[in-house]
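Colleague: Sharing a structure, written as C-alpha cells. Questions coming.
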Amino acid sequence: MLDLTYDAPKPKTIAGATGDWELVIGLEVHAQVATAAKLFSGASTQFGAEPNSNVSFIDAGMPGMLPVINEGCVAQAVRTGLGLKAQINLRSAFDRKNYFYPDLPQGYQISQLYHPIVGEGEVLVEMGDGTARLVRIERIHLEQDAGKSIHDMDPHMSFVDLNRTGVALMEIVSRPDIRGPEEAAAYVGKLRQIMRYLGTCDGNMQNGNLRADVNVSVCRPGDYEKYQQTQDFSHLGTRCEIKNMNSMRFIQMAIDYEARRQIALLEDGKDVVQETRLFDPDKVETRSMRSKEEAHDYRYFPCPDLLPLEIEQDWVDDIASGLPELPDEKKARFIRDFGLSDYDASVLTADVDNAAFFEAAAEGTDGKLAANWVINELFGRLKKDDRTISDSPISAPRIGQIVRLIKSDAISGKIAKDVFEIAYTSDRDPEEIVETEGLKQVTDTGAIEAAVDEIIAANPAQVEKAKANPKLAGWFVGQVMKATGGKANPKAVNDLVTAKLGL
Amino acid sequence: MSIDVETARKVAHLARIRVEEEDLPALAGEFNAILGFIEQLGEVDVEGVEPMVSVTPMRLKRRDDVVTDGNQQAAVLKNAPDAREGFFAVPKVVE
Amino acid sequence: MMTDLTKLTIAGARDALRKGEVTAAELTQSYLSAIDEAGALNAFVHHTPEIAEAQAKAADARIKAGDAPDMCGIPLGIKDLFCTKGVPSQAASRILDGFRPEYESTVTTQLFDDGAVMLGKLNMDEFAMGSSNETSTYGNAVNPWRRGNDDTALTPGGSSGGSAAAVAADLCLAATGTDTGGSIRQPAAFVGITGLKPTYGRVSRWGIVAFASSLDQAGPMTKDVRDAAIMLRSMAGHDMKDSTSADLPVPDFEAALTGDIRGKKIGIPREYRMEGMPDEIEALWQQGQEMLRDAGAEIVDITLPHTKYALPTYYVIAPAEASSNLARYDGVRFGHRAKLAQGEGVTEMYEKTRAEGFGAEVKRRVMVGTYVLSAGFYDAYYNRARKVRSLIKKDFEDVFAQGVDAILTPATPSAAFELGKEVSDPVEMYLNDVFTVTVNLAGLPGIAVPTGLDRAGLPLGLQLIGRPWEEGDLLNCAYSLERAAGFVAKPARWW
C-alpha cells in the first residue's frame with residue numbers, strides 16, 4: 001500500500017487575557033454494531049419498531065434470564081479493531097456496571113472494563129489541507145446499549161421503550177491526541193468512514209447509532225509536550241466530559257464553548273471542576289449534569305453469568321483476510337492507478353458507496369475523466385435533488401458509457417452534458433440517446449472542411465482581422481460549431497480553420 | 001475498619017433501599033459485625049493466586065447472529081404495574 | 001388405597017404406573033388430597049390442581065402408548081424460585097407479588113416434557129436467602145417432624161424448606177430445590193430425606209430467579225437416593241440459554257447404583273471436626289465411616305486447609321452477586337410498586353418499592369453486597385475473596401488427585417431447631433454453613449442422606465461430596481450409605 005505521509009496539523013490556539021491556551025481532546029465514541037440481533041439476546045436491532053416489540057425477556061431483565069453472546073457482534077468488533085490497526089485480545093471478559101435507571105432493566109450494563117476485546121491501535125485523520133493527525137486508539141470494548149425514556153409525553157410520567165436495550169455497542173476510546181474542534185469532528189468522520197467501509201456500523205448519527213462523549217481540557221503552550229515526555233496527565237489540565245454528542249457540527253461548537261469556558265475560569269483564578277456536562281445546541285453552551293446525587297459508584301465486577309470470551313487466532317486471521325479495502329488504501333490506489341489528485345481521491349473515497357460507484361463507472365476507461373464526471377456532474381446534481389448515490393437515477397455503467405463516448409471522440413464534452421441530462425432524467429442508455437438524437441460528432445473532415453470554407457468565404461473582413469491577430473481565429477471555430485449544430489469535432493474544426501487561414 | 005451512619009446511609013442509597021434515619025445505626029452495626037467476620041480473609045496468603053473467574057472450566061459458547069426473539073410486546077408488558085400505549089410508565093426523575 | 005399411594009417413591013410409582021396398578025390421575029388425586037389436609041405445614045403456597053390434572057391425563061396417555069420417560073406421571077412440588085409459566089413465581093418475596101412469568105424455566109420444561117406433574121409451588125426463604133424458611137412472604141414452612149410429644153413448631157431448614165417439608169410429609173413424590181450455600185442439603189437433613197446439589201453447570205439456571213449466579217444450582221429433593229438419580233437425569237443437561245451450563249452428556253445416573261463401593265477412598269476432612277461439636281453429630285459421622293468401611297471402602301484422613309475461610313469468602317461473594325442480581329426488582333416492569341406521595345419521583349419509587357418489597361434478611365444481604373463492591377473495597381473484599389475461593393477449590397482438587405473418591409462430612413451440626421429461635425451460638429452458626437458452603441464455592445456435587453435420629457427423635461443426615469461431573473459415583477456412594485443406614489423413619493402425622 002502506498003504510504004501517504006502528512007505533516008501534523010498545528011494545535012489550535014485560543015488567545016486568553018493572560019496568554020495563549022491550547023486544547024486537549026479525547027473522545028469515547030459509541031458505535032452501534034451492525035448486526036441483526038442484539039449482543040446478548042436474539043431480539044432484533046431494527047430501528048423504528050413499535051415500542052417494546054424488539055425485546056426479549058432477557059432484555060427486559062425478567063427474573064431468571066441469562067445472557068448468551070452473539071458471535072456476530074464479536075466478529076464486528078474484531079473487524080473494527082483490525083480496521084484501526086489495533087491489537088485483538090484473544091481473551092477478554094465482561095463486567096457489570098451497576099446503576100439504577102428506568103431504561104436499564106437489569107440494574108446493570110454488561111460492558112468490558114478490565115479486559116476489552118481490542119487493545120491499542122491508531123487512525124490517521126486527514127484535515128484536507130495536506131495535514132493529518134495521527135490519533136492513538138487506547139481500546140475498543142463491547143457493551144450493551146440502554147433503552148429510551150421519553151419524558152415529554154406526560155407531565156408526571158416518563159415512558160420507557162426497551163427496543164434499544166441490549167443492542168451491541170462498540171466503545172472506541174482515543175488517547176488525548178486531538179488538538180482542536182475541527183480535528184475532533186474529522187476524527188469522528190474518519191471512524192465513521194472506516195466502519196462504513198467495514199460494514200461494522202452504519203454511522204447514522206441522526207438515529208443515534210454513532211455518538212461521542214467528548215473530553216476537553218485546556219493547557220498552556222508547552223504543557224502538552226511535557227505530557228508527551230512524561231505521560232503525566234496532570235500537565236493537560238482538568239478535563240470535563242460532554243456527553244452524547246451526535247452531530248459533527250455540534251461537537252465542534254461544544255468543544256469551542258467548553259474550551260473558552262474553562263479558559264475564562266482559569267484566567268479568573270478559579271479551578272476547573274472535573275464533571276460531566278451536556279451541550280445545549282439552542283443556547284450553544286455546555287451545562288453541568290451534576291445533580292444533588294453524588295457521582296456514580298458503578299461497583300464494577302466480572303459478570304458471573306458469562307465466562308471469559310476466548311477467540312482463536314485462526315478465526316481472527318479469517319476475518320482479517322476477508323476485510324474489504326480500507327479508505328486509506330483505496331485512496332492511495334485511486335491516486336496511483338487512476339492518476340487522480342489527492343483531493344479527488346479523497347472526495348471519491350469519503351463514502352464507500354461513492355467509491356464503488358466511481359470504480360464501476362471508471363471500469364475499462366479513463367479514470368481521471370470518469371472522476372471528473374462523477375464528482376462535478378453527478379454528485380452536484382444528486383445533491384441538488386437531495387439524493388444519495390444509492391438512488392442515483394443514472395447508473396455507474398451509463399456514466400462509464402458517457403466517458404467512453406467522449407474518449408472515442410463520438411461526442412464532444414459539451415454534447416456529453418446534454419446526453420447526461422437526458423440519461424439522468426429519462427433513464428435512457430447514453431449510446432442509444434446519441435444514436436437516436438443524432439448527437440454524434442461530425443468528424444468527417446470533408447464535411448467540416450466544407451463548413452469552414454463556407455464561413456471563411458462569407459466573412460472576408462474577419463479573415464483579415466484573424467490573419468493580423470491569430471487569437472481571433474476562435475470566432476471561426478465558434479461559427480462552424482454553430483453551423484454544424486455543435487456536432488463538429490472542435491479539434492478538427494480548429495485544425496482546419498488554422499490551416500485554411502494560413503496561421 | 002468501622003462503618004459509620006453516614007456510610008450506611010450512602011450504601012442504602014446506592015442500593016436504592018429506603019432506610020429510616022432511626023434504623024441507620026443498627027444497620028451500621030450489622031455491617032460492622034459482618035466486616036469483622038470478613039476481615040479474616042486478610043490472613044490468607046494470596047500471592048500469585050488467580051481470582052476464580054469461572055467455577056468449572058468451560059468455554060463461553062456463542063450464538064449465531066440471527067433474530068430468534070422479540071416481537072412479543074404484550075408478553076413483555078403483561079406483568080407491568082403501569083403500562084401505557086406500549087410503554088412502561090414510570091414516575092419522572094425529579095431533579 | 002389413597003394413603004398408600006402417597007407413600008410411593010418415584011421408582012415405585014414408575015413401576016406401578018407401567019404395570020397398570022395405578023394411573024397418573026389417581027396418583028395425582030391422592031397427593032392433591034394430602035396437600036389439602038396439610039395446610040398447617042405451609043409447604044405448598046400456590047396450588048395448581050387443574051394443571052396437575054391435565055398433565056396427569058396426558059401422562060396416562062403416554063404410559064398407555066408405551067412412550068413414557070421415567071418421570072412421566074410423577075407428581076412434583078416446584079420451589080417458588082422456579083419460573084413456571086402463567087403460575088405465580090415469587091421467590092417467596094413480596095416484591096414479586098402478582099408476578100406470573102410468560103416463560104417456563106428450563107428445568108421445569110424438561111421435567112414437564114418428561115411427563116412430570118406440577119402439584120403447586122413450594123415455600124422457601126425469600127430469594128433463597130436463609131436456612132430456616134423464616135423469611136418467606138408466605139410465612140414459615142413447618143417441619144413435619146416434631147420432638148416426640150412436644151408440639152413446638154420446628155424449622156424444616158432453608159432455603160428449600162417447603163420442598164423438604166412436602167417430600168417428608170408425602171405431599172408430593174419429590175420436589176425441586178436450589179442450593180447456593182446448602183439450601184438443598186441442610187433442609188433435606190432436617191426432614192430426613194435425600195437432597196442433591198449437582199456439580200455447578202450440570203443443571204441449567206435459565207428461568208430460576210438468580211440469587212448468587214456463581215453458586216446457585218438446582219437439584220432434586222427426594223425420598224431416597226434412587227429417586228434422586230432418576231430425577232436428576234430429567235433435570236440435567238446442557239442449555240444453550242445458560243452460558244454457565246456445561247456441554248456434557250447426561251449419563252444414566254440410576255445405572256450407576258450398583259451398591260458396590262469396594263476399594264473406593266472416602267476422605268474425612270480434619271477441619272470439619274470442630275471444637276464443641278455435639279456428640280450426636282460426632283457419633284453419626286463415626287457410624288457413617290464404619291458403614292462405608294463395612295461396605296468395602298477405605299476411610300482416609302484428609303486435609304482441606306482453607307476450610308475456615310469458606311464462610312467469609314461466601315459472605316463476600318454471595319451478597320455481592322445478589323446485590324447486582326436483585327437490582328432488577330425496582331417496580332418498573334413487574335411485581336410490587338410502592339405508592340408515591342405528591343412530588344415523589346422515580347428514585348423514591350425505587351427506594352420505597354425495595355424497602356417495602358424486600359424482607360429484612362434480603363435487604364441486609366443486598367446492602368452488604370453493595371458495600372463490598374463499592375469503590376475502594378473491591379480489591380480488599382471481592383477480588384480477594386475470589387482468590388481465596390481458588391484456594392478452597394484447589395484444596396479439593398489436591399485431595400481428589402490423591403485418589404480420594406468422595407468426602408464424608410456431617411450435613412448439619414444439629415437436628416432441626418425451633419422456629420423463631422435466635423441462632424446465637426457462634427460455633428453452631430459457623431458449623432451450620434461450613435459443612436455445606438465449601439461445596440458451592442468449589443462447584444462440586446454434594447448430597448445429604450438421612451442416617452439416624454437424635455435423642456429427641458429428629459432426623460440427622462450425613463453429606464457426601466463428590467468429584468466434578470461424577471454424580472453417578474457420588475449417588476452410588478450415597479446409595480451404599482443409605483442401604484447401610486437403613487433409615488426408614490417417617491414423621492408422625494399431626495396435621
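Each chain in the C-alpha cells gets a letter, A, B and so on, in the order shown; residues start at 1 in every chain, and ligands are counted from 1 in the order they appear.
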Within 9 Å of chain B, which residues belong to chain A? Use only C-alpha atoms and report them as a PyMOL selection string.
Modeller: chain A and resi 35-45+50-57+60+62+68-73+99-100+102+151+155-162+291-292+296-297+302+304+306-310
Colleague: Looking only at helix (DSSP H, G or I) from DSSP on the backbone, list the matching residues of region 9-82 of chain B as a VMD selection string.
Modeller: chain B and resid 9 to 14 21 to 43 73 to 77
Colleague: Go through C:Ile268, C:Ala456, C:Leu474, C:Ala246 and flag the residue nearest Arg146 (chain C), using only C-alpha atoms for the distances.
Modeller: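 Residue with the minimum atom-to-atom distance to Arg146 (chain C): C:Ala456.
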Colleague: Only residues of chain C matter here; which ones have an atom within 8 Å of chain A, counting only C-alpha atoms? Give them as a PyMOL selection string.
Modeller: chain C and resi 83+105+205-210+213-214+240-244+321+324-325+327-328+332-333+370+373-375+378
Colleague: Can those selected residues be exported to a file as a PDB file, in the first residue's frame so that it contains N, CA and C atoms?
Modeller:
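Listed below is the output, selection13.pdb:
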```pdb
ATOM      1  N   CYS C  83     -39.365 -20.171  37.698  1.00  0.00           N
ATOM      2  CA  CYS C  83     -40.402 -19.504  36.922  1.00  0.00           C
ATOM      3  C   CYS C  83     -41.227 -20.543  36.184  1.00  0.00           C
ATOM      4  N   SER C 105     -39.088 -22.114  33.172  1.00  0.00           N
ATOM      5  CA  SER C 105     -37.662 -22.402  33.383  1.00  0.00           C
ATOM      6  C   SER C 105     -37.260 -23.652  32.599  1.00  0.00           C
ATOM      7  N   ARG C 205     -29.599 -22.893  34.822  1.00  0.00           N
ATOM      8  CA  ARG C 205     -30.163 -21.867  35.724  1.00  0.00           C
ATOM      9  C   ARG C 205     -31.178 -20.979  35.016  1.00  0.00           C
ATOM     10  N   TRP C 206     -31.411 -21.218  33.744  1.00  0.00           N
ATOM     11  CA  TRP C 206     -32.302 -20.334  32.996  1.00  0.00           C
ATOM     12  C   TRP C 206     -33.725 -20.426  33.523  1.00  0.00           C
ATOM     13  N   GLY C 207     -34.278 -19.285  33.904  1.00  0.00           N
ATOM     14  CA  GLY C 207     -35.649 -19.274  34.394  1.00  0.00           C
ATOM     15  C   GLY C 207     -35.746 -19.523  35.892  1.00  0.00           C
ATOM     16  N   ILE C 208     -34.611 -19.629  36.569  1.00  0.00           N
ATOM     17  CA  ILE C 208     -34.615 -19.725  38.027  1.00  0.00           C
ATOM     18  C   ILE C 208     -34.184 -18.366  38.548  1.00  0.00           C
ATOM     19  N   VAL C 209     -34.986 -17.802  39.445  1.00  0.00           N
ATOM     20  CA  VAL C 209     -34.659 -16.474  39.963  1.00  0.00           C
ATOM     21  C   VAL C 209     -33.256 -16.519  40.559  1.00  0.00           C
ATOM     22  N   ALA C 210     -32.389 -15.659  40.080  1.00  0.00           N
ATOM     23  CA  ALA C 210     -30.983 -15.732  40.485  1.00  0.00           C
ATOM     24  C   ALA C 210     -30.734 -15.102  41.849  1.00  0.00           C
ATOM     25  N   SER C 213     -25.144 -15.966  41.235  1.00  0.00           N
ATOM     26  CA  SER C 213     -25.004 -16.679  39.963  1.00  0.00           C
ATOM     27  C   SER C 213     -23.926 -17.744  39.921  1.00  0.00           C
ATOM     28  N   SER C 214     -22.797 -17.509  40.626  1.00  0.00           N
ATOM     29  CA  SER C 214     -21.704 -18.476  40.519  1.00  0.00           C
ATOM     30  C   SER C 214     -21.820 -19.593  41.548  1.00  0.00           C
ATOM     31  N   MET C 240     -28.185 -24.121  26.004  1.00  0.00           N
ATOM     32  CA  MET C 240     -27.553 -23.035  25.256  1.00  0.00           C
ATOM     33  C   MET C 240     -27.950 -21.668  25.822  1.00  0.00           C
ATOM     34  N   LYS C 241     -29.094 -21.597  26.502  1.00  0.00           N
ATOM     35  CA  LYS C 241     -29.567 -20.320  27.036  1.00  0.00           C
ATOM     36  C   LYS C 241     -28.860 -19.939  28.343  1.00  0.00           C
ATOM     37  N   ASP C 242     -28.093 -20.880  28.913  1.00  0.00           N
ATOM     38  CA  ASP C 242     -27.342 -20.604  30.137  1.00  0.00           C
ATOM     39  C   ASP C 242     -25.861 -20.748  29.813  1.00  0.00           C
ATOM     40  N   SER C 243     -25.170 -19.620  29.732  1.00  0.00           N
ATOM     41  CA  SER C 243     -23.759 -19.651  29.332  1.00  0.00           C
ATOM     42  C   SER C 243     -22.852 -20.341  30.335  1.00  0.00           C
ATOM     43  N   THR C 244     -23.354 -20.574  31.555  1.00  0.00           N
ATOM     44  CA  THR C 244     -22.517 -21.258  32.538  1.00  0.00           C
ATOM     45  C   THR C 244     -22.855 -22.747  32.609  1.00  0.00           C
ATOM     46  N   GLU C 321     -22.870 -10.774  44.521  1.00  0.00           N
ATOM     47  CA  GLU C 321     -23.604 -11.153  43.307  1.00  0.00           C
ATOM     48  C   GLU C 321     -25.092 -10.901  43.473  1.00  0.00           C
ATOM     49  N   SER C 324     -26.290  -7.315  42.871  1.00  0.00           N
ATOM     50  CA  SER C 324     -26.427  -6.972  41.464  1.00  0.00           C
ATOM     51  C   SER C 324     -27.610  -7.686  40.828  1.00  0.00           C
ATOM     52  N   ASN C 325     -27.793  -8.965  41.162  1.00  0.00           N
ATOM     53  CA  ASN C 325     -28.899  -9.742  40.591  1.00  0.00           C
ATOM     54  C   ASN C 325     -30.256  -9.215  41.026  1.00  0.00           C
ATOM     55  N   ALA C 327     -30.986  -6.073  41.597  1.00  0.00           N
ATOM     56  CA  ALA C 327     -31.209  -4.673  41.211  1.00  0.00           C
ATOM     57  C   ALA C 327     -32.406  -4.549  40.279  1.00  0.00           C
ATOM     58  N   ARG C 328     -32.739  -5.620  39.570  1.00  0.00           N
ATOM     59  CA  ARG C 328     -33.848  -5.551  38.619  1.00  0.00           C
ATOM     60  C   ARG C 328     -35.211  -5.476  39.310  1.00  0.00           C
ATOM     61  N   VAL C 332     -40.519  -1.316  38.161  1.00  0.00           N
ATOM     62  CA  VAL C 332     -40.783  -0.747  36.830  1.00  0.00           C
ATOM     63  C   VAL C 332     -41.580  -1.688  35.936  1.00  0.00           C
ATOM     64  N   ARG C 333     -41.140  -2.945  35.847  1.00  0.00           N
ATOM     65  CA  ARG C 333     -41.694  -3.820  34.813  1.00  0.00           C
ATOM     66  C   ARG C 333     -42.530  -4.980  35.335  1.00  0.00           C
ATOM     67  N   THR C 370     -23.614  -4.610  48.223  1.00  0.00           N
ATOM     68  CA  THR C 370     -23.364  -3.298  47.635  1.00  0.00           C
ATOM     69  C   THR C 370     -22.092  -2.709  48.234  1.00  0.00           C
ATOM     70  N   LEU C 373     -18.694  -4.307  47.119  1.00  0.00           N
ATOM     71  CA  LEU C 373     -18.321  -3.995  45.739  1.00  0.00           C
ATOM     72  C   LEU C 373     -18.025  -2.524  45.546  1.00  0.00           C
ATOM     73  N   SER C 374     -18.291  -1.726  46.559  1.00  0.00           N
ATOM     74  CA  SER C 374     -18.220  -0.282  46.334  1.00  0.00           C
ATOM     75  C   SER C 374     -16.782   0.187  46.224  1.00  0.00           C
ATOM     76  N   ALA C 375     -16.659   1.402  45.674  1.00  0.00           N
ATOM     77  CA  ALA C 375     -15.358   1.965  45.336  1.00  0.00           C
ATOM     78  C   ALA C 375     -14.403   1.898  46.507  1.00  0.00           C
ATOM     79  N   TYR C 378     -13.299  -3.020  46.446  1.00  0.00           N
ATOM     80  CA  TYR C 378     -13.339  -4.149  45.514  1.00  0.00           C
ATOM     81  C   TYR C 378     -12.132  -5.076  45.693  1.00  0.00           C
TER      82      TYR C 378
END
```
Colleague: Find the residues of chain C that sit at most 8 Å from chain B; for each, write down the nearest two atoms and how far apart they are in Å, to one decimal. Count only C-alpha atoms. Sort by chain, then by number going up, and give it as a tab-separated table.
Modeller:
```
residue	atom	partner	partner_atom	distance
C:Gly98	CA	B:Asn79	CA	7.8
C:Phe99	CA	B:Asn79	CA	6.2
C:Arg100	CA	B:Asn79	CA	7.0
C:Pro101	CA	B:Asn79	CA	7.8
C:Glu102	CA	B:Ala75	CA	6.2
C:Tyr200	CA	B:Thr56	CA	7.1
C:Gly201	CA	B:Thr56	CA	7.5
C:Ser214	CA	B:Val55	CA	6.8
C:Met240	CA	B:Lys61	CA	7.7
C:Ser243	CA	B:Leu60	CA	6.4
C:Thr244	CA	B:Leu60	CA	7.7
C:Ala246	CA	B:Met58	CA	6.7
C:Tyr309	CA	B:Leu41	CA	6.5
C:Pro312	CA	B:Ile38	CA	4.8
C:Thr313	CA	B:Leu41	CA	7.2
C:Tyr315	CA	B:Ile38	CA	7.3
C:Val316	CA	B:Ile38	CA	7.3
C:Ser323	CA	B:Ala15	CA	7.6
C:Ala327	CA	B:Ala15	CA	7.7
C:Gly331	CA	B:Pro81	CA	7.2
C:Val332	CA	B:Val90	CA	6.5
C:Arg333	CA	B:Ala80	CA	4.5
C:Phe334	CA	B:Ala80	CA	4.6
C:Gly335	CA	B:Pro81	CA	6.9
C:His336	CA	B:Pro81	CA	7.3
C:Arg337	CA	B:Pro81	CA	6.6
C:Glu344	CA	B:Val94	CA	7.2
C:Gly345	CA	B:Pro91	CA	5.1
C:Val346	CA	B:Pro91	CA	5.0
C:Thr347	CA	B:Val93	CA	6.9
C:Met349	CA	B:Pro91	CA	7.6
C:Tyr350	CA	B:Arg16	CA	5.9
C:Glu351	CA	B:Ile17	CA	4.3
C:Lys352	CA	B:Arg18	CA	5.8
C:Thr353	CA	B:Ile17	CA	7.9
C:Arg354	CA	B:Ile17	CA	5.4
C:Ala355	CA	B:Ile17	CA	5.1
C:Lys363	CA	B:Ile17	CA	7.6
C:Arg364	CA	B:Leu27	CA	7.9
C:Val366	CA	B:Ala15	CA	7.2
C:Met367	CA	B:Ala15	CA	6.2
C:Val368	CA	B:Phe31	CA	6.6
C:Thr370	CA	B:Ala15	CA	6.4
C:Tyr371	CA	B:Val11	CA	6.1
C:Tyr381	CA	B:Ile38	CA	7.9
C:Asn383	CA	B:Pro51	CA	6.6
C:Arg384	CA	B:Pro51	CA	7.3
C:Ala385	CA	B:Leu41	CA	7.1
C:Arg386	CA	B:Pro51	CA	4.7
C:Lys387	CA	B:Pro51	CA	4.0
C:Val388	CA	B:Val46	CA	6.9
C:Arg389	CA	B:Met52	CA	6.6
C:Ser390	CA	B:Met52	CA	5.3
C:Leu391	CA	B:Val49	CA	7.8
C:Leu441	CA	B:Val55	CA	7.9
C:Ala442	CA	B:Val55	CA	7.0
C:Gly443	CA	B:Val55	CA	6.0
```
Colleague: Find the residues near Pro251 (chain C): any atom within 9 Å, counting only C-alpha atoms, skip ones fewer than 3 places away on the same chain, and give them as number ranges by chain.
Modeller: C: 233, 254-256, 472
Colleague: Rounded to one decimal, what separation in Å do you get between CA of Val117 (chain C) and CA of Ala166 (chain C)?
Modeller: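 About the pair CA of Val117 (chain C) and CA of Ala166 (chain C): they are 14.8 Å apart.
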Colleague: Applying 10 Å and only C-alpha atoms, which residues near Glu471 (chain C) remain after dropping the ones on its own chain fewer than 4 positions away? List them as JSON, numbers by chain.
Modeller: {"C": [196, 197, 198, 199, 202, 229, 232, 250, 251, 253, 256, 444, 445, 446, 447, 465, 466, 467, 475, 476, 477]}
Colleague: Would you write out those residues with N, CA, C and O atoms, as a short mmCIF file (atom, residue, chain, number, x, y, z; two decimals), in the first residue's frame?
Modeller:
```cif
data_model
loop_
_atom_site.label_atom_id
_atom_site.label_comp_id
_atom_site.auth_asym_id
_atom_site.auth_seq_id
_atom_site.Cartn_x
_atom_site.Cartn_y
_atom_site.Cartn_z
N LEU C 196 -29.85 -33.50 46.72
CA LEU C 196 -28.63 -33.50 45.92
C LEU C 196 -28.39 -32.14 45.27
O LEU C 196 -29.28 -31.60 44.60
N LYS C 197 -27.19 -31.57 45.48
CA LYS C 197 -26.77 -30.41 44.71
C LYS C 197 -25.78 -30.92 43.67
O LYS C 197 -24.73 -31.42 44.00
N PRO C 198 -26.11 -30.79 42.38
CA PRO C 198 -25.21 -31.31 41.36
C PRO C 198 -23.97 -30.43 41.19
O PRO C 198 -23.89 -29.35 41.79
N THR C 199 -23.03 -30.88 40.38
CA THR C 199 -21.89 -30.06 40.01
C THR C 199 -22.39 -28.76 39.40
O THR C 199 -23.37 -28.77 38.65
N ARG C 202 -24.17 -28.43 35.83
CA ARG C 202 -24.83 -29.67 35.42
C ARG C 202 -26.30 -29.40 35.08
O ARG C 202 -26.87 -30.03 34.20
N ALA C 229 -31.42 -39.96 41.70
CA ALA C 229 -30.73 -40.30 40.46
C ALA C 229 -31.68 -40.20 39.27
O ALA C 229 -31.33 -39.66 38.21
N LEU C 232 -32.63 -36.42 38.75
CA LEU C 232 -31.52 -35.60 38.26
C LEU C 232 -31.36 -35.76 36.75
O LEU C 232 -31.12 -34.80 36.03
N VAL C 250 -25.47 -36.28 29.58
CA VAL C 250 -26.05 -36.68 30.86
C VAL C 250 -26.12 -38.20 30.90
O VAL C 250 -26.84 -38.81 30.12
N PRO C 251 -25.35 -38.80 31.81
CA PRO C 251 -25.39 -40.27 31.87
C PRO C 251 -26.65 -40.76 32.57
O PRO C 251 -27.39 -39.97 33.16
N PHE C 253 -27.84 -41.87 35.52
CA PHE C 253 -27.33 -41.89 36.89
C PHE C 253 -27.82 -43.12 37.67
O PHE C 253 -27.11 -43.67 38.49
N ALA C 256 -25.78 -46.23 37.67
CA ALA C 256 -24.56 -46.26 38.49
C ALA C 256 -24.80 -46.84 39.87
O ALA C 256 -23.86 -47.10 40.62
N LEU C 444 -18.64 -28.29 43.44
CA LEU C 444 -18.70 -29.75 43.45
C LEU C 444 -20.11 -30.27 43.69
O LEU C 444 -20.96 -29.54 44.19
N PRO C 445 -20.35 -31.54 43.37
CA PRO C 445 -21.64 -32.13 43.70
C PRO C 445 -21.64 -32.58 45.17
O PRO C 445 -20.62 -33.07 45.68
N GLY C 446 -22.78 -32.40 45.82
CA GLY C 446 -22.88 -32.82 47.22
C GLY C 446 -24.27 -33.37 47.49
O GLY C 446 -25.24 -32.91 46.91
N ILE C 447 -24.35 -34.35 48.37
CA ILE C 447 -25.66 -34.98 48.64
C ILE C 447 -25.81 -35.20 50.14
O ILE C 447 -24.85 -35.53 50.83
N ILE C 465 -19.51 -35.57 49.44
CA ILE C 465 -19.09 -34.62 48.42
C ILE C 465 -18.32 -35.39 47.36
O ILE C 465 -17.44 -36.20 47.70
N GLY C 466 -18.64 -35.16 46.09
CA GLY C 466 -18.04 -35.96 45.03
C GLY C 466 -17.15 -35.16 44.09
O GLY C 466 -16.99 -33.95 44.23
N ARG C 467 -16.57 -35.90 43.14
CA ARG C 467 -15.75 -35.26 42.13
C ARG C 467 -16.64 -34.54 41.13
O ARG C 467 -17.77 -34.98 40.89
N LEU C 475 -23.70 -40.70 43.78
CA LEU C 475 -25.00 -41.30 44.12
C LEU C 475 -24.83 -42.75 44.55
O LEU C 475 -25.52 -43.23 45.46
N ASN C 476 -23.92 -43.41 43.93
CA ASN C 476 -23.69 -44.81 44.29
C ASN C 476 -23.14 -44.93 45.71
O ASN C 476 -23.55 -45.81 46.49
N CYS C 477 -22.26 -44.04 46.05
CA CYS C 477 -21.72 -43.97 47.42
C CYS C 477 -22.85 -43.70 48.40
O CYS C 477 -22.97 -44.35 49.45
#
```
Colleague: What does the structure give for the distance between CA of Phe400 (chain C) and CA of Leu462 (chain C), in Å to one decimal?
Modeller: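 If I compute the distance from CA of Phe400 (chain C) to CA of Leu462 (chain C), I get 19.6 Å.
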